[in-house]
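Below: protein.cif (mmCIF, N, CA and C atoms)
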```
data_my_file
#
loop_
_atom_site.label_atom_id
_atom_site.label_comp_id
_atom_site.auth_asym_id
_atom_site.auth_seq_id
_atom_site.Cartn_x
_atom_site.Cartn_y
_atom_site.Cartn_z
N MET Z 273 -14.20 6.78 3.49
CA MET Z 273 -12.96 6.05 3.69
C MET Z 273 -11.82 7.05 3.85
N THR Z 274 -10.82 6.62 4.55
CA THR Z 274 -9.63 7.42 4.79
C THR Z 274 -8.52 6.94 3.86
N THR Z 275 -7.69 7.88 3.41
CA THR Z 275 -6.55 7.52 2.58
C THR Z 275 -5.31 7.42 3.46
N PHE Z 276 -4.60 6.31 3.29
CA PHE Z 276 -3.37 6.07 4.04
C PHE Z 276 -2.20 6.03 3.07
N LEU Z 277 -1.05 6.49 3.53
CA LEU Z 277 0.19 6.44 2.77
C LEU Z 277 1.09 5.43 3.46
N VAL Z 278 1.49 4.41 2.70
CA VAL Z 278 2.36 3.36 3.24
C VAL Z 278 3.74 3.55 2.62
N GLU Z 279 4.74 3.70 3.46
CA GLU Z 279 6.11 3.87 2.99
C GLU Z 279 6.82 2.52 3.03
N ALA Z 280 7.50 2.20 1.93
CA ALA Z 280 8.18 0.90 1.84
C ALA Z 280 9.53 1.06 1.14
N TYR Z 281 10.44 0.18 1.47
CA TYR Z 281 11.73 0.10 0.79
C TYR Z 281 11.51 -0.51 -0.58
N ALA Z 282 12.13 0.07 -1.61
CA ALA Z 282 12.01 -0.43 -2.97
C ALA Z 282 13.40 -0.47 -3.61
N PRO Z 283 14.07 -1.61 -3.53
CA PRO Z 283 15.42 -1.70 -4.08
C PRO Z 283 15.42 -1.52 -5.60
N ALA Z 284 16.56 -1.16 -6.12
CA ALA Z 284 16.71 -0.99 -7.57
C ALA Z 284 16.25 -2.25 -8.27
N GLY Z 285 15.53 -2.09 -9.36
CA GLY Z 285 15.07 -3.23 -10.13
C GLY Z 285 13.75 -3.81 -9.67
N VAL Z 286 13.11 -3.19 -8.68
CA VAL Z 286 11.83 -3.69 -8.21
C VAL Z 286 10.82 -3.68 -9.36
N ASP Z 287 10.02 -4.72 -9.46
CA ASP Z 287 9.00 -4.80 -10.51
C ASP Z 287 7.72 -4.19 -9.96
N LEU Z 288 7.54 -2.90 -10.22
CA LEU Z 288 6.42 -2.16 -9.66
C LEU Z 288 5.08 -2.70 -10.15
N ALA Z 289 5.01 -3.15 -11.38
CA ALA Z 289 3.76 -3.71 -11.91
C ALA Z 289 3.37 -4.97 -11.14
N GLU Z 290 4.35 -5.79 -10.80
CA GLU Z 290 4.08 -7.02 -10.04
C GLU Z 290 3.63 -6.69 -8.62
N VAL Z 291 4.26 -5.71 -8.00
CA VAL Z 291 3.88 -5.28 -6.65
C VAL Z 291 2.45 -4.74 -6.66
N GLU Z 292 2.15 -3.92 -7.66
CA GLU Z 292 0.80 -3.35 -7.77
C GLU Z 292 -0.24 -4.46 -8.01
N ALA Z 293 0.09 -5.43 -8.84
CA ALA Z 293 -0.84 -6.54 -9.12
C ALA Z 293 -1.13 -7.33 -7.84
N ARG Z 294 -0.11 -7.59 -7.03
CA ARG Z 294 -0.33 -8.30 -5.76
C ARG Z 294 -1.22 -7.49 -4.83
N ALA Z 295 -0.99 -6.19 -4.77
CA ALA Z 295 -1.79 -5.32 -3.90
C ALA Z 295 -3.24 -5.25 -4.38
N GLN Z 296 -3.44 -5.16 -5.69
CA GLN Z 296 -4.80 -5.12 -6.25
C GLN Z 296 -5.53 -6.43 -5.96
N ALA Z 297 -4.83 -7.55 -6.10
CA ALA Z 297 -5.43 -8.86 -5.84
C ALA Z 297 -5.80 -8.99 -4.35
N ALA Z 298 -4.94 -8.48 -3.48
CA ALA Z 298 -5.23 -8.53 -2.05
C ALA Z 298 -6.44 -7.66 -1.72
N ALA Z 299 -6.55 -6.50 -2.35
CA ALA Z 299 -7.70 -5.62 -2.12
C ALA Z 299 -8.99 -6.29 -2.58
N ALA Z 300 -8.94 -6.96 -3.71
CA ALA Z 300 -10.12 -7.66 -4.23
C ALA Z 300 -10.53 -8.80 -3.29
N ALA Z 301 -9.55 -9.53 -2.77
CA ALA Z 301 -9.85 -10.62 -1.84
C ALA Z 301 -10.47 -10.07 -0.55
N LEU Z 302 -9.95 -8.96 -0.08
CA LEU Z 302 -10.50 -8.35 1.13
C LEU Z 302 -11.93 -7.88 0.90
N ALA Z 303 -12.20 -7.31 -0.27
CA ALA Z 303 -13.56 -6.88 -0.59
C ALA Z 303 -14.50 -8.08 -0.58
N GLY Z 304 -14.01 -9.21 -1.08
CA GLY Z 304 -14.80 -10.44 -1.06
C GLY Z 304 -15.09 -10.92 0.36
N ASP Z 305 -14.22 -10.56 1.29
CA ASP Z 305 -14.41 -10.91 2.70
C ASP Z 305 -15.20 -9.85 3.46
N GLY Z 306 -15.67 -8.82 2.72
CA GLY Z 306 -16.46 -7.76 3.35
C GLY Z 306 -15.67 -6.66 4.01
N ILE Z 307 -14.37 -6.58 3.71
CA ILE Z 307 -13.52 -5.53 4.28
C ILE Z 307 -13.33 -4.45 3.21
N ALA Z 308 -13.78 -3.24 3.50
CA ALA Z 308 -13.70 -2.13 2.55
C ALA Z 308 -12.28 -1.57 2.52
N VAL Z 309 -11.57 -1.88 1.45
CA VAL Z 309 -10.22 -1.37 1.25
C VAL Z 309 -9.98 -1.27 -0.26
N HIS Z 310 -9.29 -0.20 -0.67
CA HIS Z 310 -9.05 0.04 -2.10
C HIS Z 310 -7.60 0.46 -2.28
N TYR Z 311 -6.86 -0.29 -3.10
CA TYR Z 311 -5.48 0.07 -3.42
C TYR Z 311 -5.54 1.10 -4.54
N VAL Z 312 -5.10 2.31 -4.27
CA VAL Z 312 -5.20 3.40 -5.23
C VAL Z 312 -4.07 3.34 -6.25
N ARG Z 313 -2.83 3.44 -5.77
CA ARG Z 313 -1.68 3.38 -6.68
C ARG Z 313 -0.38 3.46 -5.91
N PRO Z 314 0.70 3.02 -6.56
CA PRO Z 314 2.02 3.18 -5.96
C PRO Z 314 2.68 4.45 -6.50
N ILE Z 315 3.62 4.96 -5.74
CA ILE Z 315 4.46 6.09 -6.19
C ILE Z 315 5.89 5.66 -5.91
N LEU Z 316 6.66 5.45 -6.96
CA LEU Z 316 8.04 5.00 -6.82
C LEU Z 316 8.99 6.19 -6.86
N VAL Z 317 9.91 6.24 -5.90
CA VAL Z 317 10.96 7.25 -5.86
C VAL Z 317 12.28 6.49 -5.97
N PRO Z 318 12.71 6.17 -7.22
CA PRO Z 318 13.86 5.28 -7.40
C PRO Z 318 15.16 5.83 -6.80
N GLY Z 319 15.36 7.13 -6.84
CA GLY Z 319 16.59 7.71 -6.30
C GLY Z 319 16.74 7.49 -4.80
N ASP Z 320 15.62 7.31 -4.11
CA ASP Z 320 15.63 7.07 -2.66
C ASP Z 320 15.34 5.61 -2.32
N GLU Z 321 15.15 4.77 -3.35
CA GLU Z 321 14.78 3.37 -3.14
C GLU Z 321 13.57 3.26 -2.21
N THR Z 322 12.57 4.11 -2.50
CA THR Z 322 11.36 4.17 -1.69
C THR Z 322 10.14 4.05 -2.57
N CYS Z 323 9.13 3.37 -2.07
CA CYS Z 323 7.85 3.29 -2.75
C CYS Z 323 6.77 3.68 -1.75
N PHE Z 324 5.87 4.54 -2.17
CA PHE Z 324 4.72 4.91 -1.36
C PHE Z 324 3.49 4.27 -1.98
N HIS Z 325 2.67 3.67 -1.15
CA HIS Z 325 1.43 3.06 -1.62
C HIS Z 325 0.27 3.87 -1.06
N LEU Z 326 -0.63 4.32 -1.94
CA LEU Z 326 -1.85 5.00 -1.50
C LEU Z 326 -2.95 3.97 -1.39
N ILE Z 327 -3.54 3.88 -0.20
CA ILE Z 327 -4.58 2.89 0.06
C ILE Z 327 -5.72 3.57 0.79
N GLU Z 328 -6.94 3.34 0.32
CA GLU Z 328 -8.12 3.86 0.99
C GLU Z 328 -8.74 2.73 1.80
N SER Z 329 -9.09 3.04 3.04
CA SER Z 329 -9.66 2.01 3.91
C SER Z 329 -10.46 2.68 5.02
N GLY Z 330 -11.36 1.90 5.60
CA GLY Z 330 -12.12 2.39 6.74
C GLY Z 330 -11.31 2.39 8.02
N SER Z 331 -10.17 1.69 8.01
CA SER Z 331 -9.33 1.62 9.20
C SER Z 331 -7.89 1.27 8.82
N GLU Z 332 -6.99 1.56 9.72
CA GLU Z 332 -5.59 1.19 9.50
C GLU Z 332 -5.45 -0.34 9.49
N ALA Z 333 -6.30 -1.01 10.23
CA ALA Z 333 -6.26 -2.48 10.26
C ALA Z 333 -6.50 -3.07 8.87
N GLY Z 334 -7.38 -2.46 8.09
CA GLY Z 334 -7.62 -2.91 6.73
C GLY Z 334 -6.39 -2.75 5.86
N VAL Z 335 -5.67 -1.65 6.07
CA VAL Z 335 -4.42 -1.41 5.32
C VAL Z 335 -3.38 -2.46 5.69
N VAL Z 336 -3.24 -2.73 6.97
CA VAL Z 336 -2.26 -3.73 7.42
C VAL Z 336 -2.59 -5.10 6.84
N GLU Z 337 -3.87 -5.43 6.79
CA GLU Z 337 -4.26 -6.73 6.24
C GLU Z 337 -3.97 -6.80 4.74
N LEU Z 338 -4.22 -5.71 4.02
CA LEU Z 338 -3.90 -5.68 2.59
C LEU Z 338 -2.39 -5.91 2.39
N ILE Z 339 -1.59 -5.21 3.16
CA ILE Z 339 -0.14 -5.34 3.06
C ILE Z 339 0.29 -6.78 3.36
N ARG Z 340 -0.31 -7.37 4.38
CA ARG Z 340 0.04 -8.74 4.75
C ARG Z 340 -0.30 -9.71 3.63
N ARG Z 341 -1.52 -9.58 3.09
CA ARG Z 341 -1.95 -10.50 2.03
C ARG Z 341 -1.17 -10.31 0.74
N ALA Z 342 -0.71 -9.10 0.49
CA ALA Z 342 0.07 -8.82 -0.72
C ALA Z 342 1.55 -9.14 -0.52
N ALA Z 343 1.92 -9.55 0.67
CA ALA Z 343 3.32 -9.88 1.02
C ALA Z 343 4.24 -8.70 0.75
N LEU Z 344 3.80 -7.52 1.19
CA LEU Z 344 4.62 -6.31 1.07
C LEU Z 344 5.26 -6.01 2.42
N SER Z 345 6.46 -5.49 2.38
CA SER Z 345 7.06 -5.00 3.61
C SER Z 345 6.80 -3.50 3.67
N PHE Z 346 6.86 -2.93 4.87
CA PHE Z 346 6.65 -1.49 4.97
C PHE Z 346 7.43 -0.92 6.14
N ILE Z 347 7.65 0.37 6.06
CA ILE Z 347 8.37 1.08 7.11
C ILE Z 347 7.38 1.75 8.06
N ARG Z 348 6.36 2.40 7.47
CA ARG Z 348 5.36 3.06 8.30
C ARG Z 348 4.08 3.29 7.51
N ILE Z 349 3.01 3.53 8.26
CA ILE Z 349 1.71 3.83 7.69
C ILE Z 349 1.25 5.15 8.33
N VAL Z 350 0.84 6.09 7.49
CA VAL Z 350 0.34 7.36 8.01
C VAL Z 350 -0.98 7.72 7.32
N GLU Z 351 -1.86 8.34 8.07
CA GLU Z 351 -3.12 8.82 7.53
C GLU Z 351 -2.87 10.12 6.79
N THR Z 352 -3.50 10.30 5.64
CA THR Z 352 -3.33 11.53 4.88
C THR Z 352 -4.56 12.41 5.04
N ARG Z 353 -4.42 13.66 4.67
CA ARG Z 353 -5.53 14.61 4.70
C ARG Z 353 -5.60 15.28 3.32
N PRO Z 354 -6.84 15.58 2.87
CA PRO Z 354 -6.97 16.23 1.54
C PRO Z 354 -6.40 17.63 1.54
#
```

Represent the structure contained in this file as structure tokens.
Amino acid sequence: MTTFLVEAYAPAGVDLAEVEARAQAAAAALAGDGIAVHYVRPILVPGDETCFHLIESGSEAGVVELIRRAALSFIRIVETRP
């Protein structure tokens, strides 16, 4: 699987635990549908009002579907390298 970094706007006061719970639930639902995707973790940068989501997936399409099901907005998705 490839690791993707999803950049998103995170206004002050965002409930990161709630965002992570929605993303984990979406990943579990996708796994139930046979789509290999794993939500790794969020990284919050409060001073920049930015949140990065690390997601492992076999394709960018899996990442987009996770984001859609979790009702997350995003600015961009980029593939990472170890």

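Interatomic distance, CA of Val312 in chain Z against CA of Ile339 in chain Z: 13.1 Å.
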
Selection: 8 Å around range 286-297 of chain Z, only N, CA and C atoms, excl. self and same-chain fewer than 2 positions, as an NGL selection string: :Z and (282-284 or 299-303 or 310-314 or 316 or 338-339 or 341-344)

Backbone-only DSSP, alpha helix (DSSP H) members of range 277-346 of chain Z, as a ChimeraX atom specification: /Z:288-304,332-341

Put a box with edges along x, y and z around all the listed atoms of range 297-307 of chain Z, pad it by 5 Å on each side, then give me its centre and sizes in Å, one decimal, as AutoDock Vina command-line options.
```
--center_x -10.6 --center_y -7.7 --center_z -0.9 --size_x 21.6 --size_y 16.5 --size_z 20.4
```

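Comparing the minimum interatomic distances between Phe276 in chain Z and each of Z:Val350, Z:Val317, Z:Ala298, Z:Cys323, counting only C-alpha atoms, we find that Z:Val350 sits nearest.
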
Target residues per the PyMOL selection byres ((chain Z and resi 279-281) around 6.5), formatted as a list of chain:residue names: Z:Leu277, Z:Val278, Z:Ala282, Z:Pro283, Z:Glu321, Z:Thr322, Z:Cys323, Z:Phe324, Z:His325, Z:Ser345, Z:Phe346, Z:Ile347, Z:Arg348, Z:Ile349, Z:Val350

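Across the structure, atom N of Thr275 in chain Z and atom N of Arg353 in chain Z are spaced 6.8 Å apart.
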
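Nearest to Val309 in chain Z of all the residues Z:Ala333, Z:Glu351, Z:Glu328, Z:Met273 is Z:Glu328, counting all atoms listed in the file.
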
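Atom C of Pro354 in chain Z is positioned 24.4 Å from CA of Ile307 in chain Z.
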